[in-house]
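Data block for model08.pdb (PDB, C-alpha atoms):
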```pdb
ATOM      1  CA  MET X 161      38.774 -21.301  63.649
ATOM      2  CA  LYS X 162      40.226 -19.993  60.397
ATOM      3  CA  VAL X 163      40.475 -23.338  58.575
ATOM      4  CA  SER X 164      40.118 -23.847  54.828
ATOM      5  CA  ILE X 165      40.378 -26.800  52.457
ATOM      6  CA  GLY X 166      42.830 -26.545  49.578
ATOM      7  CA  GLY X 167      41.211 -27.459  46.279
ATOM      8  CA  TYR X 168      44.154 -29.701  45.431
ATOM      9  CA  SER X 169      43.027 -31.966  48.282
ATOM     10  CA  PHE X 170      40.445 -33.299  45.826
ATOM     11  CA  ASN X 171      42.668 -33.395  42.761
ATOM     12  CA  ASN X 172      42.528 -37.183  42.400
ATOM     13  CA  THR X 173      38.736 -37.040  42.648
ATOM     14  CA  TYR X 174      38.715 -34.344  39.961
ATOM     15  CA  VAL X 175      41.070 -36.336  37.703
ATOM     16  CA  ALA X 176      38.777 -39.352  38.066
ATOM     17  CA  GLY X 177      35.924 -37.236  36.669
ATOM     18  CA  LYS X 178      33.989 -37.293  39.945
ATOM     19  CA  MET X 179      34.201 -33.587  40.839
ATOM     20  CA  ASP X 180      34.273 -30.193  39.156
ATOM     21  CA  VAL X 181      34.723 -26.744  40.653
ATOM     22  CA  PHE X 182      31.016 -26.455  41.478
ATOM     23  CA  GLY X 183      31.052 -29.850  43.181
ATOM     24  CA  TYR X 184      34.051 -28.711  45.185
ATOM     25  CA  LEU X 185      32.152 -25.656  46.410
ATOM     26  CA  GLU X 186      29.130 -27.794  47.330
ATOM     27  CA  THR X 187      31.361 -30.258  49.159
ATOM     28  CA  VAL X 188      33.210 -27.628  51.186
ATOM     29  CA  LYS X 189      30.013 -25.770  52.096
ATOM     30  CA  TYR X 190      27.643 -28.594  52.904
ATOM     31  CA  ARG X 191      29.812 -31.602  53.766
ATOM     32  CA  TYR X 192      32.485 -29.820  55.795
ATOM     33  CA  ARG X 193      30.461 -26.704  56.685
ATOM     34  CA  GLN X 194      33.200 -24.285  55.665
ATOM     35  CA  ASP X 195      32.544 -20.924  54.031
ATOM     36  CA  LYS X 196      36.132 -20.265  52.883
ATOM     37  CA  VAL X 197      37.764 -21.984  49.923
ATOM     38  CA  ASP X 198      41.158 -22.331  48.264
ATOM     39  CA  LEU X 199      40.519 -22.485  44.541
ATOM     40  CA  TYR X 200      42.920 -24.346  42.233
ATOM     41  CA  ASN X 201      42.990 -23.356  38.572
ATOM     42  CA  GLY X 202      43.443 -27.003  37.595
ATOM     43  CA  PHE X 203      39.711 -27.473  38.245
ATOM     44  CA  PHE X 204      38.566 -25.027  35.565
ATOM     45  CA  ALA X 205      41.387 -24.470  33.089
ATOM     46  CA  ASP X 206      42.060 -26.103  29.717
ATOM     47  CA  LYS X 207      45.092 -28.324  30.342
ATOM     48  CA  SER X 208      45.558 -29.274  26.692
ATOM     49  CA  LYS X 209      47.388 -25.999  25.965
ATOM     50  CA  PRO X 210      51.084 -25.165  26.563
ATOM     51  CA  VAL X 211      49.876 -23.063  29.477
ATOM     52  CA  TRP X 212      46.536 -23.824  31.110
ATOM     53  CA  GLU X 213      44.003 -21.467  29.607
ATOM     54  CA  LEU X 214      41.050 -20.215  31.576
ATOM     55  CA  ALA X 215      37.499 -20.430  30.374
ATOM     56  CA  ASP X 216      35.932 -17.189  29.239
ATOM     57  CA  GLU X 217      34.883 -14.499  31.676
ATOM     58  CA  ALA X 218      31.252 -15.629  31.572
ATOM     59  CA  TYR X 219      32.244 -18.994  33.073
ATOM     60  CA  LEU X 220      34.336 -17.306  35.759
ATOM     61  CA  ARG X 221      31.322 -15.193  36.666
ATOM     62  CA  LYS X 222      29.279 -18.386  37.067
ATOM     63  CA  ILE X 223      31.834 -19.543  39.627
ATOM     64  CA  ARG X 224      31.582 -16.167  41.346
ATOM     65  CA  GLU X 225      27.784 -16.448  41.371
ATOM     66  CA  ALA X 226      28.045 -19.894  42.979
ATOM     67  CA  LEU X 227      30.392 -18.445  45.620
ATOM     68  CA  ASP X 228      28.042 -15.549  46.340
ATOM     69  CA  GLU X 229      24.961 -17.781  46.485
ATOM     70  CA  LYS X 230      26.679 -19.870  49.166
ATOM     71  CA  GLU X 231      28.155 -16.822  50.920
ATOM     72  CA  MET X 232      31.652 -18.212  50.379
ATOM     73  CA  THR X 233      34.978 -16.382  50.117
ATOM     74  CA  VAL X 234      38.106 -17.357  48.186
ATOM     75  CA  VAL X 235      40.973 -17.031  50.656
ATOM     76  CA  ASN X 236      43.541 -18.297  48.150
ATOM     77  CA  PHE X 237      43.680 -18.904  44.404
ATOM     78  CA  ALA X 238      46.521 -21.279  43.465
ATOM     79  CA  ILE X 239      47.673 -20.923  39.864
ATOM     80  CA  ASP X 240      49.768 -23.421  37.907
ATOM     81  CA  THR X 241      51.501 -22.810  34.524
ATOM     82  CA  ALA X 242      51.905 -19.081  35.115
ATOM     83  CA  SER X 243      55.327 -19.216  36.767
ATOM     84  CA  LEU X 244      57.680 -16.260  36.496
ATOM     85  CA  TRP X 245      60.905 -17.895  35.347
ATOM     86  CA  ASP X 246      61.787 -20.319  32.601
ATOM     87  CA  ARG X 247      65.069 -20.602  30.683
ATOM     88  CA  ASP X 248      62.958 -20.783  27.510
ATOM     89  CA  LYS X 249      62.138 -17.118  26.864
ATOM     90  CA  GLU X 250      59.135 -17.952  24.688
ATOM     91  CA  LYS X 251      57.633 -20.144  27.400
ATOM     92  CA  SER X 252      58.365 -17.490  29.999
ATOM     93  CA  GLU X 253      56.400 -14.946  27.953
ATOM     94  CA  LEU X 254      53.458 -17.355  27.577
ATOM     95  CA  GLN X 255      53.409 -17.847  31.337
ATOM     96  CA  TYR X 256      53.593 -14.099  31.910
ATOM     97  CA  GLN X 257      50.534 -13.480  29.762
ATOM     98  CA  ASN X 258      48.786 -16.361  31.531
ATOM     99  CA  ALA X 259      49.587 -14.817  34.897
ATOM    100  CA  LEU X 260      47.988 -11.540  33.821
ATOM    101  CA  ARG X 261      44.838 -13.367  32.716
ATOM    102  CA  HIS X 262      44.713 -15.261  35.999
ATOM    103  CA  LEU X 263      45.125 -12.098  38.036
ATOM    104  CA  ARG X 264      42.072 -10.744  36.239
ATOM    105  CA  ALA X 265      40.304 -13.996  37.134
ATOM    106  CA  ALA X 266      41.377 -13.556  40.760
ATOM    107  CA  GLU X 267      39.741 -10.146  40.754
ATOM    108  CA  ILE X 268      36.489 -11.559  39.367
ATOM    109  CA  LEU X 269      36.524 -14.380  41.926
ATOM    110  CA  GLY X 270      37.318 -12.044  44.819
ATOM    111  CA  ALA X 271      40.453 -13.932  45.834
ATOM    112  CA  GLN X 272      42.088 -12.547  48.966
ATOM    113  CA  THR X 273      45.477 -14.081  48.126
ATOM    114  CA  VAL X 274      46.947 -15.449  44.894
ATOM    115  CA  ARG X 275      49.753 -17.973  44.461
ATOM    116  CA  ILE X 276      51.954 -17.670  41.370
ATOM    117  CA  ASP X 277      55.176 -19.670  41.530
ATOM    118  CA  THR X 278      58.692 -18.386  40.992
ATOM    119  CA  GLY X 279      59.401 -21.068  38.402
ATOM    120  CA  GLY X 280      62.484 -23.240  38.288
ATOM    121  CA  SER X 281      62.922 -26.980  38.529
ATOM    122  CA  TYR X 282      61.054 -29.715  40.335
ATOM    123  CA  SER X 283      64.038 -32.076  40.124
ATOM    124  CA  ASN X 284      67.782 -32.072  39.521
ATOM    125  CA  GLU X 285      68.896 -31.249  36.009
ATOM    126  CA  PRO X 286      72.461 -31.648  34.676
ATOM    127  CA  ASN X 287      72.687 -27.954  33.816
ATOM    128  CA  GLY X 288      70.046 -27.084  36.298
ATOM    129  CA  ASP X 289      68.693 -24.346  38.463
ATOM    130  CA  PHE X 290      67.469 -26.718  41.174
ATOM    131  CA  TYR X 291      67.285 -24.708  44.415
ATOM    132  CA  GLU X 292      69.597 -22.169  42.778
ATOM    133  CA  MET X 293      68.996 -18.667  41.467
ATOM    134  CA  SER X 294      71.129 -16.651  39.055
ATOM    135  CA  GLU X 295      71.203 -12.866  39.272
ATOM    136  CA  GLU X 296      69.278 -12.687  35.993
ATOM    137  CA  GLN X 297      66.612 -14.960  37.435
ATOM    138  CA  PHE X 298      66.496 -13.022  40.702
ATOM    139  CA  GLU X 299      66.058  -9.650  38.994
ATOM    140  CA  HIS X 300      63.370 -11.026  36.671
ATOM    141  CA  ILE X 301      61.424 -12.620  39.542
ATOM    142  CA  VAL X 302      61.565  -9.469  41.673
ATOM    143  CA  ARG X 303      60.461  -7.238  38.802
ATOM    144  CA  ARG X 304      57.497  -9.470  37.984
ATOM    145  CA  TYR X 305      56.335  -9.781  41.603
ATOM    146  CA  GLN X 306      56.503  -6.017  41.980
ATOM    147  CA  GLU X 307      54.288  -5.692  38.915
ATOM    148  CA  TYR X 308      51.864  -8.372  40.126
ATOM    149  CA  SER X 309      51.758  -6.825  43.604
ATOM    150  CA  ARG X 310      50.661  -3.507  42.156
ATOM    151  CA  LEU X 311      47.920  -5.257  40.192
ATOM    152  CA  ALA X 312      46.775  -7.289  43.208
ATOM    153  CA  ALA X 313      46.699  -4.181  45.400
ATOM    154  CA  ASP X 314      44.199  -2.616  42.993
ATOM    155  CA  PHE X 315      41.591  -5.229  43.942
ATOM    156  CA  GLY X 316      42.595  -5.672  47.586
ATOM    157  CA  SER X 317      44.514  -8.909  47.252
ATOM    158  CA  LYS X 318      48.020 -10.199  47.914
ATOM    159  CA  VAL X 319      50.156 -12.196  45.492
ATOM    160  CA  GLY X 320      53.330 -14.207  45.735
ATOM    161  CA  PRO X 321      54.949 -17.625  45.535
ATOM    162  CA  GLU X 322      54.562 -20.876  47.385
ATOM    163  CA  ASN X 323      57.693 -22.770  48.430
ATOM    164  CA  HIS X 324      56.892 -25.078  45.561
ATOM    165  CA  MET X 325      59.756 -25.344  43.040
ATOM    166  CA  GLY X 326      63.260 -24.195  42.190
ATOM    167  CA  PRO X 327      64.647 -21.323  44.299
ATOM    168  CA  SER X 328      61.456 -21.035  46.354
ATOM    169  CA  LEU X 329      62.388 -24.319  48.081
ATOM    170  CA  ASN X 330      65.402 -22.536  49.546
ATOM    171  CA  PRO X 331      64.155 -20.216  52.330
ATOM    172  CA  HIS X 332      67.189 -17.951  52.051
ATOM    173  CA  PHE X 333      66.441 -17.254  48.388
ATOM    174  CA  LEU X 334      62.737 -16.751  49.112
ATOM    175  CA  LYS X 335      63.576 -14.301  51.900
ATOM    176  CA  ARG X 336      65.870 -12.403  49.544
ATOM    177  CA  ILE X 337      63.085 -12.193  46.957
ATOM    178  CA  ALA X 338      60.548 -10.969  49.527
ATOM    179  CA  GLU X 339      62.884  -8.290  50.841
ATOM    180  CA  ALA X 340      63.638  -7.045  47.321
ATOM    181  CA  VAL X 341      59.982  -6.978  46.209
ATOM    182  CA  ASP X 342      59.174  -4.908  49.313
ATOM    183  CA  HIS X 343      55.493  -4.322  48.561
ATOM    184  CA  PRO X 344      52.547  -4.520  51.002
ATOM    185  CA  ALA X 345      50.549  -6.608  48.508
ATOM    186  CA  PHE X 346      53.289  -9.245  48.281
ATOM    187  CA  GLY X 347      52.844 -12.328  50.429
ATOM    188  CA  ILE X 348      53.929 -15.948  50.537
ATOM    189  CA  LEU X 349      51.821 -19.081  50.582
ATOM    190  CA  LEU X 350      53.863 -21.002  53.134
ATOM    191  CA  HIS X 351      53.568 -24.753  52.657
ATOM    192  CA  VAL X 352      54.992 -25.757  56.014
ATOM    193  CA  ASP X 353      57.554 -28.492  56.508
ATOM    194  CA  ARG X 354      58.464 -28.648  52.818
ATOM    195  CA  TRP X 355      61.921 -27.118  52.427
ATOM    196  CA  LYS X 356      64.825 -28.667  50.524
ATOM    197  CA  VAL X 357      67.446 -26.357  52.072
ATOM    198  CA  ASP X 358      67.695 -25.835  55.860
ATOM    199  CA  PRO X 359      64.312 -27.520  56.458
ATOM    200  CA  GLU X 360      64.480 -26.947  60.210
ATOM    201  CA  LEU X 361      64.745 -23.163  59.675
ATOM    202  CA  GLY X 362      62.592 -22.516  56.619
ATOM    203  CA  ASP X 363      59.183 -21.959  58.191
ATOM    204  CA  ARG X 364      60.555 -19.539  60.777
ATOM    205  CA  ILE X 365      62.569 -17.584  58.181
ATOM    206  CA  ILE X 366      59.536 -17.057  55.949
ATOM    207  CA  ALA X 367      56.891 -16.564  58.655
ATOM    208  CA  PRO X 368      56.995 -12.725  58.454
ATOM    209  CA  TRP X 369      55.715 -12.836  54.853
ATOM    210  CA  ALA X 370      53.155 -15.639  55.232
ATOM    211  CA  CYS X 371      49.714 -14.555  54.048
ATOM    212  CA  HIS X 372      48.309 -18.083  53.780
ATOM    213  CA  VAL X 373      49.548 -21.503  54.903
ATOM    214  CA  HIS X 374      49.194 -25.098  53.766
ATOM    215  CA  PHE X 375      49.555 -28.091  56.067
ATOM    216  CA  GLY X 376      50.017 -31.381  54.217
ATOM    217  CA  GLY X 377      48.720 -34.712  55.434
ATOM    218  CA  LYS X 378      52.189 -36.001  56.290
ATOM    219  CA  THR X 379      52.820 -33.039  58.586
ATOM    220  CA  LEU X 380      49.381 -33.289  60.189
ATOM    221  CA  ALA X 381      50.012 -36.966  60.939
ATOM    222  CA  GLU X 382      53.062 -35.938  62.991
ATOM    223  CA  GLU X 383      51.019 -34.120  65.611
ATOM    224  CA  ASP X 384      53.853 -32.841  67.805
ATOM    225  CA  ASN X 385      55.720 -31.445  64.799
ATOM    226  CA  ALA X 386      52.583 -29.853  63.355
ATOM    227  CA  LEU X 387      51.746 -28.245  66.701
ATOM    228  CA  SER X 388      55.282 -26.886  67.034
ATOM    229  CA  ILE X 389      55.096 -25.284  63.578
ATOM    230  CA  ALA X 390      51.632 -23.845  64.192
ATOM    231  CA  GLN X 391      52.690 -22.463  67.580
ATOM    232  CA  MET X 392      55.701 -20.760  65.994
ATOM    233  CA  LEU X 393      53.516 -19.172  63.304
ATOM    234  CA  HIS X 394      50.951 -18.081  65.892
ATOM    235  CA  ASP X 395      53.673 -16.552  68.059
ATOM    236  CA  SER X 396      55.074 -14.739  65.019
ATOM    237  CA  GLY X 397      51.727 -12.997  64.587
ATOM    238  CA  TYR X 398      50.188 -15.104  61.830
ATOM    239  CA  ASP X 399      46.399 -14.655  61.954
ATOM    240  CA  GLN X 400      45.198 -15.693  58.491
ATOM    241  CA  TYR X 401      43.730 -18.988  57.259
ATOM    242  CA  TRP X 402      45.187 -22.407  57.980
ATOM    243  CA  ALA X 403      44.545 -24.551  54.918
ATOM    244  CA  ILE X 404      44.872 -28.283  54.628
ATOM    245  CA  GLU X 405      46.269 -29.621  51.339
ATOM    246  CA  HIS X 406      46.057 -33.375  51.433
ATOM    247  CA  ASN X 407      45.624 -35.055  48.042
ATOM    248  CA  ALA X 408      45.281 -38.593  49.357
ATOM    249  CA  PRO X 409      45.500 -41.527  46.892
ATOM    250  CA  GLY X 410      41.922 -42.576  47.645
ATOM    251  CA  ASN X 411      38.952 -42.127  50.003
ATOM    252  CA  GLN X 412      39.445 -38.390  49.646
ATOM    253  CA  TYR X 413      36.237 -37.295  51.360
ATOM    254  CA  ILE X 414      37.180 -39.280  54.465
ATOM    255  CA  GLU X 415      40.826 -38.256  54.293
ATOM    256  CA  VAL X 416      39.908 -34.565  54.106
ATOM    257  CA  GLU X 417      37.521 -34.995  57.037
ATOM    258  CA  TRP X 418      40.441 -36.391  59.056
ATOM    259  CA  ALA X 419      42.770 -33.587  57.936
ATOM    260  CA  VAL X 420      40.303 -30.840  58.863
ATOM    261  CA  ALA X 421      39.789 -32.413  62.287
ATOM    262  CA  ALA X 422      43.554 -32.755  62.787
ATOM    263  CA  MET X 423      44.092 -29.099  61.846
ATOM    264  CA  LYS X 424      41.354 -27.968  64.224
ATOM    265  CA  LYS X 425      42.833 -30.069  67.036
ATOM    266  CA  ILE X 426      46.231 -28.439  66.514
ATOM    267  CA  LEU X 427      44.761 -24.941  66.495
ATOM    268  CA  GLY X 428      42.755 -25.756  69.609
ATOM    269  CA  ASN X 429      45.984 -26.607  71.422
ATOM    270  CA  LEU X 430      47.764 -23.343  70.631
ATOM    271  CA  LYS X 431      48.811 -21.370  73.675
TER     272      LYS X 431
END
```

Kindly return the structure encoded in the file as structure tokens.
Amino acid sequence: MKVSIGGYSFNNTYVAGKMDVFGYLETVKYRYRQDKVDLYNGFFADKSKPVWELADEAYLRKIREALDEKEMTVVNFAIDTASLWDRDKEKSELQYQNALRHLRAAEILGAQTVRIDTGGSYSNEPNGDFYEMSEEQFEHIVRRYQEYSRLAADFGSKVGPENHMGPSLNPHFLKRIAEAVDHPAFGILLHVDRWKVDPELGDRIIAPWACHVHFGGKTLAEEDNALSIAQMLHDSGYDQYWAIEHNAPGNQYIEVEWAVAAMKKILGNLK
């Protein structure tokens, strides 16, 4: 079964100082016996900066060596603080340069897919862009994803957003972006069951562009719902990796073990 474990599933363990990126690789390989990983830049970036800065290339190559030694593949590289849109033009430029650096890192790490968010808000703002998208924002986002898609294509990867913030939480906007980018190296990390607009339609609307998926713990706990979503994606032709992203408050090793088993059970029941 094509199951992977999202790095963010161990974020609380990382924050507690009990795991680093190399420990994550060891855990996935030898505890859960998986040879595919979803890397999260929060495990090896400097978070003290305005945008999270990567370590130098030598450190990235150490991660790549650890992957190769364990015969592991990065099926997704999730990148924070490199979003495309911000009303602050200076911050937007910082994030753009950070995205370029992270795409180079994705090449070094051999990432098959890369998640870089659209940008926008996490919560309502009085003057806000919450779930909304101006024409200026739309044109900027499309232009950047076209650029990033060309770069990703050069090293055999796909790049695109997750339905994570701002306009990407509205499936109609995300569909419009995908259609306008119109590049074979553009894809969407579909975090199922997470929409803020038309939640009952979102997964189906975006399924044609899904190049990777995340199932959260809440969705996995609702087995009938999770199976219905997975069956729809399967019927739509999705044949890539099914990742669990379950950053439980505690007991993360046990919680991830449950989530992997739940995901496998769902996939085993597909018709």

Please, which residues in region 213-315 of chain X fall within 12 Å of region 374-391 of chain X when counting only C-alpha atoms, and what is the closest atom pair and distance in Å to one decimal for each, ordered by chain then residue number, as a Markdown table?
```
| residue | atom | partner | partner_atom | distance |
| --- | --- | --- | --- | --- |
| X:Val235 | CA | X:His374 | CA | 11.9 |
| X:Asn236 | CA | X:His374 | CA | 10.5 |
| X:Ala238 | CA | X:His374 | CA | 11.3 |
| X:Arg275 | CA | X:His374 | CA | 11.7 |
```

Handout entry: Straight-line distance linking CA of Ile268 (chain X) with CA of Leu227 (chain X), stated in Å to one decimal
Key =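 Separating CA of Ile268 (chain X) from CA of Leu227 (chain X) is a distance of 11.1 Å.
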
Exercise for the section: Can you work out the spacing between CA of Lys162 (chain X) and CA of Lys189 (chain X) in Å, to one decimal? Expected result: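 About the pair CA of Lys162 (chain X) and CA of Lys189 (chain X): they are 14.4 Å apart.
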
Practice task
Apply the PyMOL selection byres ((chain X and resi 412-414) around 12) to the file shown and report the selected residues as a ChimeraX atom specification.
Solution key: /X:165,167-174,176,178-179,184,187-188,191-192,377,405-411,415-421

Please produce an output containing C-alpha atoms for each residue in the selection, written as a compact mmCIF listing (two decimals), in the frame of the given file.
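Result file is result_31.txt:
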```
# COMPACT_ATOMS: atom_id res chain seq x y z
CA ILE X 165 40.38 -26.80 52.46
CA GLY X 167 41.21 -27.46 46.28
CA TYR X 168 44.15 -29.70 45.43
CA SER X 169 43.03 -31.97 48.28
CA PHE X 170 40.44 -33.30 45.83
CA ASN X 171 42.67 -33.40 42.76
CA ASN X 172 42.53 -37.18 42.40
CA THR X 173 38.74 -37.04 42.65
CA TYR X 174 38.72 -34.34 39.96
CA ALA X 176 38.78 -39.35 38.07
CA LYS X 178 33.99 -37.29 39.94
CA MET X 179 34.20 -33.59 40.84
CA TYR X 184 34.05 -28.71 45.18
CA THR X 187 31.36 -30.26 49.16
CA VAL X 188 33.21 -27.63 51.19
CA ARG X 191 29.81 -31.60 53.77
CA TYR X 192 32.48 -29.82 55.80
CA GLY X 377 48.72 -34.71 55.43
CA GLU X 405 46.27 -29.62 51.34
CA HIS X 406 46.06 -33.38 51.43
CA ASN X 407 45.62 -35.06 48.04
CA ALA X 408 45.28 -38.59 49.36
CA PRO X 409 45.50 -41.53 46.89
CA GLY X 410 41.92 -42.58 47.64
CA ASN X 411 38.95 -42.13 50.00
CA GLU X 415 40.83 -38.26 54.29
CA VAL X 416 39.91 -34.56 54.11
CA GLU X 417 37.52 -34.99 57.04
CA TRP X 418 40.44 -36.39 59.06
CA ALA X 419 42.77 -33.59 57.94
CA VAL X 420 40.30 -30.84 58.86
CA ALA X 421 39.79 -32.41 62.29
```

Exercise for the section: Fewer than 5 positions away in the same chain doesn't count, so skip those; otherwise give me all residues within 12 Å of Val319 (chain X), counting only C-alpha atoms, as a PyMOL selection string. Expected result: chain X and resi 235-239+259-260+262-263+266-267+271-278+304-314+338+341+343-349+369-372

Completion exercise
Of X:Arg193, X:His324, X:His394, X:Lys335, the one nearest to Asp353 (chain X) when counting all atoms listed in the file is X:His324

Practice task
Could you list the residues chosen by the PyMOL selection byres ((chain X and resi 246) around 12) in this structure as an MDAnalysis selection string?
Solution key: chainID X and resid 241:245 247:256 277:281 288:289 293:294 296:298 300:301 325:326

Exercise for the section: Rank nothing, just name the residue among X:Glu299, X:Arg364, X:Gly202, X:Val352 nearest to Ala403 (chain X), using all atoms listed in the file. Expected result: X:Val352

Practice task
Return the single residue from X:Gln257, X:Lys230, X:Ala265, X:Leu350 that is closest to Glu217 (chain X), with distances computed using only C-alpha atoms.
Solution key: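 Checking each of X:Gln257, X:Lys230, X:Ala265, X:Leu350 against Glu217 (chain X), counting only C-alpha atoms, the winner is X:Ala265.
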